[in-house]
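J.: Contents of final.tsv (TSV, C-alpha atoms and all ligand atoms) are given next:
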chain	number	residue	atom	x	y	z
A	1	MET	CA	0.00	0.00	0.00
A	2	GLU	CA	1.03	3.59	-0.65
A	3	PRO	CA	1.43	5.82	2.45
A	4	GLY	CA	-1.90	7.55	1.73
A	5	GLU	CA	-3.65	4.20	1.52
A	6	VAL	CA	-2.11	3.04	4.77
A	7	LEU	CA	-3.35	6.17	6.53
A	8	ASP	CA	-6.82	5.73	5.04
A	9	TYR	CA	-6.83	2.12	6.26
A	10	ILE	CA	-5.81	3.19	9.77
A	11	ARG	CA	-8.36	6.02	9.80
A	12	ASP	CA	-11.07	3.65	8.68
A	13	ARG	CA	-10.32	1.10	11.40
A	14	ILE	CA	-10.06	3.69	14.18
A	15	GLU	CA	-13.28	5.40	13.03
A	16	GLY	CA	-14.88	1.95	13.19
A	17	GLY	CA	-14.21	1.98	16.93
A	18	ARG	CA	-16.55	4.93	17.54
A	19	GLY	CA	-19.53	2.71	18.27
A	20	ARG	CA	-17.68	0.00	20.15
A	21	GLN	CA	-17.23	0.03	23.88
A	22	TYR	CA	-13.67	-0.54	25.05
A	23	GLY	CA	-14.09	-3.78	26.99
A	24	GLU	CA	-15.85	-2.96	30.24
A	25	GLU	CA	-14.51	0.61	30.32
A	26	PRO	CA	-16.68	3.76	30.08
A	27	VAL	CA	-15.20	4.88	26.73
A	28	SER	CA	-15.40	3.73	23.11
A	29	GLU	CA	-12.47	2.09	21.33
A	30	TYR	CA	-12.17	5.31	19.31
A	31	GLU	CA	-12.01	7.52	22.41
A	32	HIS	CA	-9.53	5.13	24.03
A	33	ALA	CA	-7.12	5.37	21.08
A	34	LEU	CA	-7.23	9.18	21.01
A	35	GLN	CA	-6.95	9.44	24.78
A	36	CYS	CA	-3.88	7.19	24.91
A	37	ALA	CA	-2.16	9.15	22.12
A	38	THR	CA	-3.04	12.44	23.85
A	39	LEU	CA	-1.62	11.18	27.15
A	40	ALA	CA	1.58	10.19	25.33
A	41	GLU	CA	1.92	13.69	23.86
A	42	GLN	CA	1.20	15.31	27.20
A	43	ASP	CA	3.94	13.14	28.68
A	44	GLY	CA	6.41	14.52	26.12
A	45	ALA	CA	6.81	11.21	24.26
A	46	ASP	CA	8.57	10.96	20.90
A	47	GLU	CA	6.28	10.63	17.90
A	48	GLU	CA	7.03	6.91	17.57
A	49	LEU	CA	5.53	6.32	21.00
A	50	VAL	CA	2.58	8.61	20.32
A	51	VAL	CA	1.86	6.41	17.32
A	52	ALA	CA	2.31	3.25	19.39
A	53	ALA	CA	-0.16	4.64	21.93
A	54	LEU	CA	-2.67	5.48	19.19
A	55	LEU	CA	-2.37	2.05	17.59
A	56	HIS	CA	-1.75	-0.26	20.55
A	57	ASP	CA	-5.26	-1.74	20.26
A	58	PHE	CA	-5.28	-1.85	16.47
A	59	GLY	CA	-5.77	-5.62	16.74
A	60	ARG	CA	-9.16	-5.00	18.35
A	61	LEU	CA	-10.14	-2.83	15.39
A	62	VAL	CA	-9.28	-5.28	12.63
A	63	VAL	CA	-11.40	-8.16	13.89
A	64	LYS	CA	-15.16	-8.53	14.11
A	65	ASP	CA	-16.91	-7.89	17.43
A	66	ASP	CA	-17.55	-11.56	18.07
A	67	GLU	CA	-13.91	-12.44	17.47
A	68	LEU	CA	-12.71	-9.99	20.07
A	69	SER	CA	-11.05	-11.69	22.98
A	70	ASP	CA	-8.12	-11.23	25.28
A	71	SER	CA	-7.26	-14.89	25.35
A	72	VAL	CA	-8.98	-16.73	22.52
A	73	GLU	CA	-7.10	-16.88	19.26
A	74	SER	CA	-8.38	-14.63	16.50
A	75	ASP	CA	-8.45	-15.16	12.78
A	76	VAL	CA	-7.11	-12.23	10.79
A	77	ASP	CA	-6.95	-11.45	7.07
A	78	ASP	CA	-4.23	-13.99	6.39
A	79	GLY	CA	-6.06	-16.80	8.22
A	80	VAL	CA	-3.26	-17.40	10.73
A	81	LYS	CA	-4.33	-17.89	14.34
A	82	ARG	CA	-2.76	-15.59	16.91
A	83	LYS	CA	-2.78	-15.47	20.66
A	84	ASP	CA	-4.05	-11.99	21.53
A	85	HIS	CA	-5.11	-8.72	19.99
A	86	GLY	CA	-1.66	-7.20	20.56
A	87	GLU	CA	-0.13	-9.77	18.26
A	88	VAL	CA	-2.98	-9.35	15.79
A	89	GLY	CA	-2.38	-5.60	15.68
A	90	ALA	CA	1.39	-5.88	15.36
A	91	ARG	CA	0.95	-8.31	12.50
A	92	ALA	CA	-1.46	-6.00	10.68
A	93	LEU	CA	0.90	-3.01	11.12
A	94	LYS	CA	4.17	-4.87	10.52
A	95	PRO	CA	4.90	-3.63	7.00
A	96	TYR	CA	4.51	0.02	7.95
A	97	PHE	CA	6.17	0.76	11.28
A	98	SER	CA	9.45	0.43	13.19
A	99	ASP	CA	10.33	-2.47	15.47
A	100	GLN	CA	9.89	-0.09	18.41
A	101	VAL	CA	6.27	0.69	17.51
A	102	LEU	CA	5.53	-2.95	16.72
A	103	PHE	CA	6.97	-4.19	20.02
A	104	CYS	CA	4.87	-1.73	22.02
A	105	VAL	CA	1.73	-2.73	20.12
A	106	GLY	CA	2.42	-6.46	20.12
A	107	GLN	CA	3.48	-6.64	23.76
A	108	HIS	CA	1.01	-4.34	25.47
A	109	ALA	CA	-0.73	-7.19	27.28
A	110	GLU	CA	2.64	-8.67	28.21
A	111	SER	CA	3.65	-5.23	29.50
A	112	LYS	CA	0.72	-5.36	31.89
A	113	ARG	CA	1.81	-8.80	33.09
A	114	TYR	CA	5.35	-7.45	33.46
A	115	LEU	CA	4.27	-4.45	35.51
A	116	CYS	CA	1.96	-6.53	37.71
A	117	THR	CA	4.86	-8.88	38.40
A	118	THR	CA	7.44	-6.20	39.16
A	119	GLU	CA	5.26	-3.50	40.79
A	120	PRO	CA	2.55	-4.75	43.19
A	121	GLU	CA	1.18	-1.18	43.50
A	122	TYR	CA	0.65	-1.12	39.73
A	123	HIS	CA	-1.61	-4.16	39.99
A	124	ASP	CA	-3.59	-2.52	42.78
A	125	GLY	CA	-4.20	0.55	40.61
A	126	LEU	CA	-5.66	-1.34	37.63
A	127	SER	CA	-9.32	-1.02	36.68
A	128	ALA	CA	-11.62	-3.92	37.57
A	129	GLY	CA	-11.89	-4.84	33.89
A	130	SER	CA	-8.13	-4.88	33.51
A	131	ILE	CA	-7.68	-7.12	36.55
A	132	THR	CA	-10.25	-9.54	35.10
A	133	THR	CA	-8.40	-9.80	31.80
A	134	LEU	CA	-5.02	-10.22	33.49
A	135	GLU	CA	-5.74	-13.84	34.34
A	136	LYS	CA	-6.90	-14.57	30.79
A	137	GLN	CA	-3.68	-12.99	29.55
A	138	GLY	CA	-1.57	-15.37	31.61
A	139	GLY	CA	-1.41	-13.76	35.08
A	140	LEU	CA	1.95	-12.91	36.59
A	141	MET	CA	5.15	-13.69	34.65
A	142	SER	CA	7.45	-16.55	35.57
A	143	ALA	CA	11.15	-15.84	36.11
A	144	GLU	CA	11.84	-17.15	32.60
A	145	GLU	CA	9.17	-14.92	31.08
A	146	LEU	CA	10.53	-11.90	32.94
A	147	GLU	CA	14.02	-12.56	31.67
A	148	ALA	CA	12.83	-12.97	28.09
A	149	PHE	CA	10.73	-9.80	28.22
A	150	GLU	CA	13.54	-7.73	29.73
A	151	SER	CA	15.90	-8.81	26.95
A	152	SER	CA	14.11	-6.47	24.51
A	153	PRO	CA	15.60	-3.01	23.94
A	154	PHE	CA	12.06	-1.60	23.94
A	155	VAL	CA	10.88	-2.66	27.41
A	156	SER	CA	10.83	0.86	28.86
A	157	ASP	CA	8.91	2.13	25.80
A	158	ALA	CA	6.35	-0.65	26.08
A	159	VAL	CA	5.90	0.09	29.77
A	160	ARG	CA	5.21	3.76	29.00
A	161	VAL	CA	2.63	2.82	26.37
A	162	ARG	CA	1.05	0.49	28.90
A	163	ARG	CA	0.63	3.28	31.44
A	164	TRP	CA	-1.08	5.51	28.85
A	165	ASP	CA	-3.26	2.54	27.93
A	166	ASP	CA	-4.29	2.25	31.58
A	167	GLY	CA	-4.97	5.99	31.75
A	168	GLY	CA	-7.02	6.35	28.58
A	169	LYS	CA	-10.37	5.36	30.07
A	170	ILE	CA	-11.78	8.73	31.09
A	171	PRO	CA	-15.33	9.61	29.97
A	172	GLY	CA	-15.39	13.00	28.24
A	173	MET	CA	-11.63	13.59	28.28
A	174	GLN	CA	-10.54	16.31	25.84
A	175	THR	CA	-8.18	14.94	23.20
A	176	LYS	CA	-6.49	16.09	20.05
A	177	SER	CA	-8.20	15.03	16.81
A	178	LEU	CA	-7.75	11.86	14.80
A	179	ASP	CA	-6.55	14.11	11.93
A	180	HIS	CA	-3.78	15.42	14.14
A	181	PHE	CA	-2.64	11.94	15.14
A	182	LEU	CA	-2.80	10.66	11.57
A	183	GLU	CA	-0.40	13.45	10.59
A	184	VAL	CA	1.97	12.24	13.30
A	185	THR	CA	1.42	8.66	12.10
A	186	GLY	CA	2.22	9.67	8.52
A	187	ARG	CA	5.65	10.90	9.61
A	188	GLN	CA	6.41	7.52	11.20
A	189	LEU	CA	5.43	5.32	8.27
A	190	GLN	CA	8.27	3.07	7.11
A	191	THR	CA	7.01	2.48	3.58
A	192	ALA	CA	9.68	1.85	0.99
B	201	FE	FE	-5.90	-0.39	25.32
Re-express the file's structure as structure tokens.

T.:
Amino acid sequence: MEPGEVLDYIRDRIEGGRGRQYGEEPVSEYEHALQCATLAEQDGADEELVVAALLHDFGRLVVKDDELSDSVESDVDDGVKRKDHGEVGARALKPYFSDQVLFCVGQHAESKRYLCTTEPEYHDGLSAGSITTLEKQGGLMSAEELEAFESSPFVSDAVRVRRWDDGGKIPGMQTKSLDHFLEVTGRQLQTA
């Protein structure tokens, strides 16, 4: 796809989240994406991480409602089964973004597991919905899983995206526009 087509595709999928509630949270999938990206900007994040925040739940936006699950494998365009919506999203975005963005998208559920394992107070601050999905996502990490996760150069980035993800659940929060974030996204496209 040409860069313009990629941005149209992303716009289309995010717009599709306007009428879909974000899990058990009091915001739509559309609001959640814009809120997370806005929180990233407010935190002074580089554009790559603003894009990762915007797109971290892209996997939820490329599957049908009844295929949405935090633990059940989903079928995507290419027919390959994948474990969670993070992986689904990273796969859909793979041709267009850096490894940094893709890691943050693909590992955002793992980042929650990581934070719950390493920071007990983080676990206590999660929403009820997020605590419910934690078990489906695998619960706390084993020592081996921790070691493997920490071997990535993007762990601290993924943890930041995860905190914006946790924050972007505020009914009525003022955000920047989707147009604004698509401009940012356009500057981070890795198309040949
Ligand atoms: Fe999210």

J.: Can you list, as a list in words, every protein, DNA or RNA residue that comes within 8 Å of stretch 110-114 of chain A when you count only C-alpha atoms, leaving out same-chain residues fewer than 5 positions away?

T.: Leu134, Gln137, Gly138, Gly139, Leu140, Met141, Leu146, Phe149, Val155, Ala158, Val159 and Arg162 of chain A

J.: Between chain A and ligand FE 201 (chain B), at 8 Å or less, what are the per-residue closest atom pairs and their distances in Å? Count all atoms listed in the file, order by chain and rising residue number, and return it as a Markdown table.

T.:
| residue | atom | partner | partner_atom | distance |
| --- | --- | --- | --- | --- |
| A:Tyr22 | CA | B:FE201 | FE | 7.8 |
| A:His32 | CA | B:FE201 | FE | 6.7 |
| A:Ala33 | CA | B:FE201 | FE | 7.3 |
| A:Cys36 | CA | B:FE201 | FE | 7.9 |
| A:His56 | CA | B:FE201 | FE | 6.3 |
| A:Asp57 | CA | B:FE201 | FE | 5.3 |
| A:His108 | CA | B:FE201 | FE | 8.0 |
| A:Arg162 | CA | B:FE201 | FE | 7.9 |
| A:Asp165 | CA | B:FE201 | FE | 4.7 |
| A:Asp166 | CA | B:FE201 | FE | 7.0 |
| A:Gly168 | CA | B:FE201 | FE | 7.6 |

J.: Just C-alpha atoms for this one: save the residues we selected as an mmCIF file, keeping the file's coordinate frame.

T.:
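Output contents, as saved in part19.cif:
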data_model
loop_
_atom_site.group_PDB
_atom_site.id
_atom_site.type_symbol
_atom_site.label_atom_id
_atom_site.label_comp_id
_atom_site.auth_asym_id
_atom_site.auth_seq_id
_atom_site.Cartn_x
_atom_site.Cartn_y
_atom_site.Cartn_z
ATOM 1 C CA TYR A 22 -13.670 -0.540 25.050
ATOM 2 C CA HIS A 32 -9.530 5.130 24.030
ATOM 3 C CA ALA A 33 -7.120 5.370 21.080
ATOM 4 C CA CYS A 36 -3.880 7.190 24.910
ATOM 5 C CA HIS A 56 -1.750 -0.260 20.550
ATOM 6 C CA ASP A 57 -5.260 -1.740 20.260
ATOM 7 C CA HIS A 108 1.010 -4.340 25.470
ATOM 8 C CA ARG A 162 1.050 0.490 28.900
ATOM 9 C CA ASP A 165 -3.260 2.540 27.930
ATOM 10 C CA ASP A 166 -4.290 2.250 31.580
ATOM 11 C CA GLY A 168 -7.020 6.350 28.580
#

J.: When distances are computed from all atoms listed in the file, which of A:Arg11, A:Lys136, A:Arg91, A:His85 shows the smallest separation from A:Ser177?

T.: A:Arg11

J.: Hey, which of A:Leu39, A:Leu102, A:Val27, A:Ala92 ends up closest to A:Ala52? Count only C-alpha atoms.

T.: A:Leu102

J.: Of the candidates A:Pro153, A:Gly23, A:Gly44, A:Gly59, which one gets nearest to A:Thr133 if we count all atoms listed in the file?

T.: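 Of the candidates, the smallest distance to A:Thr133 is held by A:Gly23.
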
J.: In Å, with one decimal, what is the gap from atom CA of A:His180 to atom CA of A:Trp164?

T.: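 So the two atoms, atom CA of A:His180 and atom CA of A:Trp164, lie 17.9 Å apart.
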
J.: Determine, counting only C-alpha atoms, every residue of protein, DNA or RNA that lies within 9 Å of (1.3, 0.3, 16.0) in the file coordinates, then give the result as a ChimeraX atom specification.

T.: /A:48-49,51-58,89-90,92-94,96-98,100-106

J.: For atom CA of A:Ser152 and atom CA of A:Ala40, determine how far apart the two atoms are, in Å to one decimal place.

T.: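 Distance between the two atoms: 20.9 Å.
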
J.: Atom CA of A:Val63 and atom CA of A:Asp46, how far apart in Å?

T.: 28.5 Å

J.: A:Glu41, A:Asp179, A:Glu135, A:Asp124: which is nearest A:Arg160, counting only C-alpha atoms?

T.: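 Closest to A:Arg160 of all the choices is A:Glu41.
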
J.: Rank nothing, just name the residue among A:Glu25, A:Gln174, A:Val184, A:Glu150 nearest to A:Ser130, using only C-alpha atoms.

T.: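 Counting only C-alpha atoms, the residue closest to A:Ser130 is A:Glu25.
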
J.: Report as a list in words all protein, DNA and RNA residues lying within 8 Å of A:Ile170, evaluated on all atoms listed in the file, omitting residues in the same chain fewer than 2 positions from it.

T.: Pro26, Val27, Gln35, Gly167, Gly168, Gly172 and Met173 of chain A
